[in-house]
Amino acid sequence: MPRGPVFLLTDFGPGPYPGLMKAVILSIAPRAAIMDLTHDVAPQDVAEGAFHLRCAFPYLPKGSLVVAVVDPGVGTDRRAVCVDAGDVLAVGPDNGLLSAIPRESRRAVREIRERRFLLSGPSPTFHGRDVFAPAAAHLARGLDPAQLGPPAGSIVELPSGPGAVRSVDRFGNLVTDLDARRVPAGAVVSVGRRRVGPLRRTYADVPEGALVALAGSAGTVEIAVRNGSAARVLGAGRGDRVTVRRKP
Amino acid sequence: MPRGPVFLLTDFGPGPYPGLMKAVILSIAPRAAIMDLTHDVAPQDVAEGAFHLRCAFPYLPKGSLVVAVVDPGVGTDRRAVCVDAGDVLAVGPDNGLLSAIPRESRRAVREIRERRFLLSGPSPTFHGRDVFAPAAAHLARGLDPAQLGPPAGSIVELPSGPGAVRSVDRFGNLVTDLDARRVPAGAVVSVGRRRVGPLRRTYADVPEGALVALAGSAGTVEIAVRNGSAARVLGAGRGDRVTVRRKP
Amino acid sequence: MPRGPVFLLTDFGPGPYPGLMKAVILSIAPRAAIMDLTHDVAPQDVAEGAFHLRCAFPYLPKGSLVVAVVDPGVGTDRRAVCVDAGDVLAVGPDNGLLSAIPRESRRAVREIRERRFLLSGPSPTFHGRDVFAPAAAHLARGLDPAQLGPPAGSIVELPSGPGAVRSVDRFGNLVTDLDARRVPAGAVVSVGRRRVGPLRRTYADVPEGALVALAGSAGTVEIAVRNGSAARVLGAGRGDRVTVRRKP
């Protein structure tokens, strides 16, 4: 049974690499619907890629395929894997990126090794085009993931750190991986040494230009400046620590 | 009867937000064709978003749905609306963005309120994903817009100013909202205090590197530098005044 | 017989111009699948556009249509053409861009002149929307390319230079047009006056932060810094000369 749509998540930016992946997918699976999740993951930032995948996962349609490629180890012996999450199948490098798929959703993991499902003579620098796109296209046509290669056992897990900025969006909002439901009412959020304040409901709960912490659309703590850029105001960015302190 | 394609117009940039909207739309309307009109509207610049929608409107296929989200007031009590323009339906915040749809094309306006057509527990910061995408997806499946909520009366209109740069394109061209047909032959166009000259037909009507005013592809006055950037040469940008003076 | 998918390759960037092309295509060919190859060609860099088209060509599905628009001469008398490459049809300005299609694949070239297949009153500044998109849409519906206009004879060819950086990708890799198979084993690659070294297999063959030359995914020589930016380290960019010298 055909699967789809196919969602692409990479750090390839606006250049031709995602388009080449689409050409490969459509050569194998001409009717596949292909959607960009984003190609704007910071170059080689596996943690940011995983964060975006984790945030998107609950919204993916049943039957979706995800091709996730943030792959600083391309050309090394890092494995290529397919995670079967039931309603969603995901392919990508085994470098922690796919650990964004919740453990309870993972049913099986396969290595991607069967050469007949890959492009011949794969480039050692572009597995997005030569390994992951064709594997996904065959899955889109209905291939059983078990055909891709042997069981892969467990995948590389990203450490879940103590709370950090994972992504800076276009508005300069600092999107963290800190579950907003775990922030006690009235507790104070800080980025680095800079105190922001307690969680508010939305940007408009503070005056224009003011800093605000809130539960962002990912369900995690987000730091914003109303109609401004928190990244610029705080001089903060990806990887910066975020802390929560109960009021004394 | 199903409708489509679905065109997205936002200020979300290259990050994951448009991809999340696509995931939501396809979860509800799996066969929808989804196209990016642009996500490059300057952050929270409702006037630029409206300008792009106005320019695109005459080119949209019959049956199109537009999801337009430039939404600095998200989370406040600004309304979410659906404008029925006959051949085109558009959903978005009622902040002036949808006033880009010509008055003579508007047949009816509805508030978007019916919760069964939205995601449950909508985020107060991302109505693109939780309100407008699902509403559009239901419309794509054939929902009567009257089902979305009560009649909305009139929508917020953007003031039509005296003539300004609305958008700077990638080539550094200054795209204004001044109807080029209203510029008398030989009249002189200026940006701020800088005189550009009378309207020419195309870039190639002036030497390389020279400033030129012409009727741009939107039918409005555009200021360019042949094979260069007018934005850089003039130090001009969005919001700058554009004036036309008949030769004495 | 319908053709597709339609791949777009332009220097239009993230703004609304590609979206307008999609609207026009879908108005004429509502079922066309439209894919972005890239819109990130440097503004008006015909050589970079041609390079990307050349790299993508072998990966395009049978039946593909390419709409390639890097068009500094728009509005002049440069011709609009359609190259019939058998499995692929391409439309674009006759300025060298389409010379990226290998000579041995070209079967016929037509001028695009028949007004009934174009938008009426085409803008002199946006043939992507008014000429190439509608022509491609009619081809997608099955139009015989011979209907577009008279035989065009030969097309403008880009000079094949002595070896240069054609594109800088998002990782700062310098992608050249030098066929990697022509680099003798052990020969030393240089960019400008800066010696890089012999070809390696992949990024991981050098330490983090080190310069490396390798056969990139396009089959051409690529200069990279492992987990860094060669463009920044070398201060190099598009147009810079690349040379290969056998070891003495």
# chains A, B, ... in the order shown; residues from 1 in each chain; ligands from 1

$ closest_atom_pairs --of "chain C" --to "chain A" --cutoff "8 Å" --atoms "only C-alpha atoms" --output "tab-separated table"
residue	atom	partner	partner_atom	distance
C:Met35	CA	A:Gly19	CA	7.2
C:Asp36	CA	A:Gly19	CA	5.8
C:Leu37	CA	A:Gly19	CA	4.0
C:Thr38	CA	A:Pro16	CA	4.8
C:His39	CA	A:Pro14	CA	7.2
C:Asp40	CA	A:Gly15	CA	5.4
C:Val41	CA	A:Gly15	CA	7.5
C:His52	CA	A:Pro16	CA	7.0
C:Ala56	CA	A:Leu20	CA	6.3
C:Tyr59	CA	A:Ala23	CA	5.9
C:Leu60	CA	A:Ala23	CA	5.2
C:Pro61	CA	A:Ser27	CA	4.4
C:Lys62	CA	A:Ser27	CA	7.2
C:Asp169	CA	A:Gly15	CA	6.7
C:Arg170	CA	A:Gly13	CA	6.0
C:Phe171	CA	A:Pro43	CA	6.4
C:Arg201	CA	A:Pro124	CA	7.0
C:Thr202	CA	A:Gly75	CA	5.8
C:Tyr203	CA	A:Gly75	CA	7.4
C:Ala204	CA	A:Thr76	CA	6.5
C:Gly216	CA	A:Thr125	CA	6.7
C:Ser217	CA	A:Ser123	CA	5.6
C:Asn227	CA	A:Pro72	CA	7.0

$ residues_around --residues "A:Ser154" --least-positions-apart "3" --cutoff "10 Å" --atoms "only C-alpha atoms" --output "PDB file with N, CA and C atoms, in the first residue's frame"
ATOM      1  N   VAL A  83      13.366   4.205  11.067  1.00  0.00           N
ATOM      2  CA  VAL A  83      12.608   3.974  12.299  1.00  0.00           C
ATOM      3  C   VAL A  83      11.135   3.818  11.931  1.00  0.00           C
ATOM      4  N   ASP A  94      21.983   7.662  11.673  1.00  0.00           N
ATOM      5  CA  ASP A  94      21.834   7.242  13.068  1.00  0.00           C
ATOM      6  C   ASP A  94      22.801   8.039  13.937  1.00  0.00           C
ATOM      7  N   SER A  99      16.215  10.131  17.270  1.00  0.00           N
ATOM      8  CA  SER A  99      15.805   9.878  18.656  1.00  0.00           C
ATOM      9  C   SER A  99      14.726  10.873  19.073  1.00  0.00           C
ATOM     10  N   ALA A 108      10.137  -0.574  15.463  1.00  0.00           N
ATOM     11  CA  ALA A 108      11.260  -1.359  14.950  1.00  0.00           C
ATOM     12  C   ALA A 108      12.226  -0.399  14.290  1.00  0.00           C
ATOM     13  N   VAL A 109      13.485  -0.788  14.242  1.00  0.00           N
ATOM     14  CA  VAL A 109      14.502   0.003  13.554  1.00  0.00           C
ATOM     15  C   VAL A 109      15.256  -0.921  12.610  1.00  0.00           C
ATOM     16  N   ARG A 110      15.447  -0.466  11.401  1.00  0.00           N
ATOM     17  CA  ARG A 110      16.195  -1.237  10.413  1.00  0.00           C
ATOM     18  C   ARG A 110      17.388  -0.424   9.941  1.00  0.00           C
ATOM     19  N   PRO A 151      17.769  -5.799  11.173  1.00  0.00           N
ATOM     20  CA  PRO A 151      17.356  -5.060  12.370  1.00  0.00           C
ATOM     21  C   PRO A 151      18.540  -4.271  12.921  1.00  0.00           C
ATOM     22  N   GLU A 157      20.879   7.913  20.920  1.00  0.00           N
ATOM     23  CA  GLU A 157      19.985   8.854  21.594  1.00  0.00           C
ATOM     24  C   GLU A 157      20.727  10.155  21.861  1.00  0.00           C
TER      25      GLU A 157
END

$ select_by_dssp --residues "stretch 7-241 of chain B" --states "strand (DSSP E)" --output "VMD selection string"
chain B and resid 7 to 10 34 to 38 65 to 69 80 to 84 89 to 93 108 to 111 165 to 168 174 to 179 188 to 191 194 to 197 199 to 200 211 to 215 220 to 225

$ atom_distance --atom1 "atom CA of A:His138" --atom2 "atom CA of A:Arg107"
19.4 Å

$ residues_around --residues "B:Val191" --least-positions-apart "3" --cutoff "12 Å" --atoms "only C-alpha atoms" --output "ChimeraX atom specification"
/B:163-165,174-176,178,188,194-197,211-213,221-224,230-231,233-245

$ write_last_selection --atoms "N, CA and C atoms" --output "CSV table (one decimal), in the first residue's frame"
chain,number,residue,atom,x,y,z
B,163,GLY,N,1.4,56.4,-1.4
B,163,GLY,CA,2.4,55.9,-2.3
B,163,GLY,C,3.7,55.6,-1.5
B,164,ALA,N,4.0,54.3,-1.4
B,164,ALA,CA,5.2,53.9,-0.6
B,164,ALA,C,5.8,52.7,-1.2
B,165,VAL,N,7.1,52.5,-0.8
B,165,VAL,CA,7.8,51.2,-1.1
B,165,VAL,C,7.1,50.1,-0.2
B,174,LEU,N,12.9,48.2,-5.6
B,174,LEU,CA,11.9,48.8,-4.7
B,174,LEU,C,10.5,48.7,-5.3
B,175,VAL,N,9.7,47.9,-4.8
B,175,VAL,CA,8.4,47.7,-5.4
B,175,VAL,C,7.4,48.5,-4.6
B,176,THR,N,6.7,49.5,-5.3
B,176,THR,CA,5.8,50.4,-4.6
B,176,THR,C,4.4,50.0,-4.9
B,178,LEU,N,2.2,52.2,-6.0
B,178,LEU,CA,1.7,53.3,-6.8
B,178,LEU,C,1.3,52.8,-8.2
B,188,VAL,N,8.1,62.7,-13.3
B,188,VAL,CA,9.3,62.2,-12.7
B,188,VAL,C,9.0,61.5,-11.4
B,194,ARG,N,15.1,61.6,-3.4
B,194,ARG,CA,16.0,61.3,-4.6
B,194,ARG,C,15.2,61.1,-5.8
B,195,ARG,N,15.5,61.9,-6.8
B,195,ARG,CA,14.9,61.9,-8.1
B,195,ARG,C,15.3,60.7,-8.9
B,196,VAL,N,14.4,59.9,-9.4
B,196,VAL,CA,14.8,58.7,-10.2
B,196,VAL,C,14.6,59.0,-11.7
B,197,GLY,N,13.5,59.5,-12.1
B,197,GLY,CA,13.3,59.9,-13.5
B,197,GLY,C,11.9,59.4,-14.0
B,211,LEU,N,20.0,54.0,-12.4
B,211,LEU,CA,18.7,53.9,-11.8
B,211,LEU,C,17.6,54.0,-12.8
B,212,VAL,N,16.5,53.3,-12.6
B,212,VAL,CA,15.4,53.4,-13.5
B,212,VAL,C,14.1,53.2,-12.8
B,213,ALA,N,13.1,53.9,-13.2
B,213,ALA,CA,11.7,53.7,-12.7
B,213,ALA,C,10.9,53.1,-13.8
B,221,VAL,N,4.6,51.1,-9.8
B,221,VAL,CA,5.9,51.7,-10.0
B,221,VAL,C,6.9,50.9,-9.3
B,222,GLU,N,8.0,50.6,-10.0
B,222,GLU,CA,9.2,49.9,-9.4
B,222,GLU,C,10.4,50.7,-9.7
B,223,ILE,N,11.3,50.8,-8.7
B,223,ILE,CA,12.6,51.5,-8.8
B,223,ILE,C,13.7,50.4,-8.8
B,224,ALA,N,14.5,50.5,-9.8
B,224,ALA,CA,15.5,49.4,-10.0
B,224,ALA,C,16.9,50.1,-10.4
B,230,ALA,N,18.8,48.7,-6.3
B,230,ALA,CA,18.3,50.1,-6.0
B,230,ALA,C,18.2,50.3,-4.5
B,231,ALA,N,17.9,49.2,-3.7
B,231,ALA,CA,17.8,49.4,-2.3
B,231,ALA,C,19.1,49.8,-1.7
B,233,VAL,N,21.8,51.2,-3.5
B,233,VAL,CA,22.2,52.5,-4.1
B,233,VAL,C,21.5,53.6,-3.4
B,234,LEU,N,20.2,53.5,-3.2
B,234,LEU,CA,19.4,54.6,-2.6
B,234,LEU,C,19.4,54.5,-1.1
B,235,GLY,N,19.8,53.5,-0.5
B,235,GLY,CA,19.6,53.3,0.9
B,235,GLY,C,18.2,53.4,1.3
B,236,ALA,N,17.3,52.8,0.5
B,236,ALA,CA,15.9,52.9,0.7
B,236,ALA,C,15.3,51.6,1.0
B,237,GLY,N,14.1,51.6,1.6
B,237,GLY,CA,13.5,50.3,1.9
B,237,GLY,C,12.0,50.5,2.2
B,238,ARG,N,11.4,49.4,2.8
B,238,ARG,CA,10.0,49.4,3.0
B,238,ARG,C,9.5,50.6,3.8
B,239,GLY,N,8.4,51.2,3.3
B,239,GLY,CA,7.8,52.3,4.0
B,239,GLY,C,8.2,53.6,3.5
B,240,ASP,N,9.3,53.7,2.7
B,240,ASP,CA,9.8,54.9,2.2
B,240,ASP,C,8.7,55.5,1.2
B,241,ARG,N,8.6,56.8,1.2
B,241,ARG,CA,7.6,57.5,0.3
B,241,ARG,C,8.1,57.6,-1.1
B,242,VAL,N,7.1,57.4,-2.0
B,242,VAL,CA,7.4,57.6,-3.4
B,242,VAL,C,6.5,58.6,-4.0
B,243,THR,N,7.0,59.5,-4.7
B,243,THR,CA,6.2,60.6,-5.3
B,243,THR,C,6.4,60.8,-6.8
B,244,VAL,N,5.4,61.4,-7.4
B,244,VAL,CA,5.4,61.6,-8.8
B,244,VAL,C,5.2,63.1,-9.1
B,245,ARG,N,6.0,63.7,-9.9
B,245,ARG,CA,5.8,65.1,-10.2
B,245,ARG,C,5.9,65.3,-11.7

$ residues_around --residues "B:Asn95" --least-positions-apart "6" --cutoff "9 Å" --atoms "only C-alpha atoms" --output "list in words"
Val46, Val70, Asp71, Pro72, Gly73, Arg78, Arg79, Ala80, Ile155, Val156, Glu157 and Leu158 of chain B

$ write_last_selection --atoms "C-alpha atoms" --output "PDB file, in the first residue's frame"
ATOM      1  CA  VAL B  46       0.905  43.391   7.472  1.00  0.00           C
ATOM      2  CA  VAL B  70       0.987  37.901   9.171  1.00  0.00           C
ATOM      3  CA  ASP B  71      -0.322  38.159  12.644  1.00  0.00           C
ATOM      4  CA  PRO B  72       1.299  40.447  15.209  1.00  0.00           C
ATOM      5  CA  GLY B  73      -1.943  40.366  17.217  1.00  0.00           C
ATOM      6  CA  ARG B  78      -8.463  40.216  16.913  1.00  0.00           C
ATOM      7  CA  ARG B  79     -10.843  38.075  14.885  1.00  0.00           C
ATOM      8  CA  ALA B  80     -10.028  35.134  12.624  1.00  0.00           C
ATOM      9  CA  ILE B 155     -13.198  43.475   7.779  1.00  0.00           C
ATOM     10  CA  VAL B 156     -10.384  45.754   8.849  1.00  0.00           C
ATOM     11  CA  GLU B 157      -9.169  47.826   5.900  1.00  0.00           C
ATOM     12  CA  LEU B 158      -5.595  48.958   5.509  1.00  0.00           C
TER      13      LEU B 158
END

$ select_by_dssp --residues "stretch 38-243 of chain B" --states "alpha helix (DSSP H)" --output "JSON, numbers by chain"
{"B": [46, 47, 48, 49, 50, 51, 52, 53, 54, 55, 56, 127, 133, 134, 135, 136, 137, 138, 139, 140, 230, 231, 232, 233, 234]}

$ residues_around --residues "A:Ala180" --least-positions-apart "4" --cutoff "7 Å" --atoms "only C-alpha atoms" --output "MDAnalysis selection string"
chainID A and resid 215 219:221

$ write_last_selection --atoms "all heavy atoms" --output "mmCIF file, in the first residue's frame"
data_model
loop_
_atom_site.group_PDB
_atom_site.id
_atom_site.type_symbol
_atom_site.label_atom_id
_atom_site.label_comp_id
_atom_site.auth_asym_id
_atom_site.auth_seq_id
_atom_site.Cartn_x
_atom_site.Cartn_y
_atom_site.Cartn_z
ATOM 1 N N ALA A 215 4.635 29.757 27.155
ATOM 2 C CA ALA A 215 4.588 28.407 26.602
ATOM 3 C C ALA A 215 4.427 28.553 25.098
ATOM 4 O O ALA A 215 3.382 28.986 24.617
ATOM 5 C CB ALA A 215 3.424 27.623 27.198
ATOM 6 N N GLY A 219 4.933 23.715 22.955
ATOM 7 C CA GLY A 219 4.676 23.237 24.310
ATOM 8 C C GLY A 219 5.873 23.440 25.225
ATOM 9 O O GLY A 219 5.842 23.065 26.389
ATOM 10 N N THR A 220 6.903 24.078 24.700
ATOM 11 C CA THR A 220 8.101 24.338 25.495
ATOM 12 C C THR A 220 8.211 25.824 25.792
ATOM 13 O O THR A 220 7.521 26.656 25.202
ATOM 14 C CB THR A 220 9.368 23.874 24.747
ATOM 15 O OG1 THR A 220 9.482 24.612 23.526
ATOM 16 C CG2 THR A 220 9.301 22.381 24.440
ATOM 17 N N VAL A 221 9.108 26.143 26.716
ATOM 18 C CA VAL A 221 9.303 27.548 27.084
ATOM 19 C C VAL A 221 9.913 28.305 25.905
ATOM 20 O O VAL A 221 10.845 27.824 25.262
ATOM 21 C CB VAL A 221 10.224 27.650 28.319
ATOM 22 C CG1 VAL A 221 10.593 29.106 28.592
ATOM 23 C CG2 VAL A 221 9.550 27.011 29.527
#
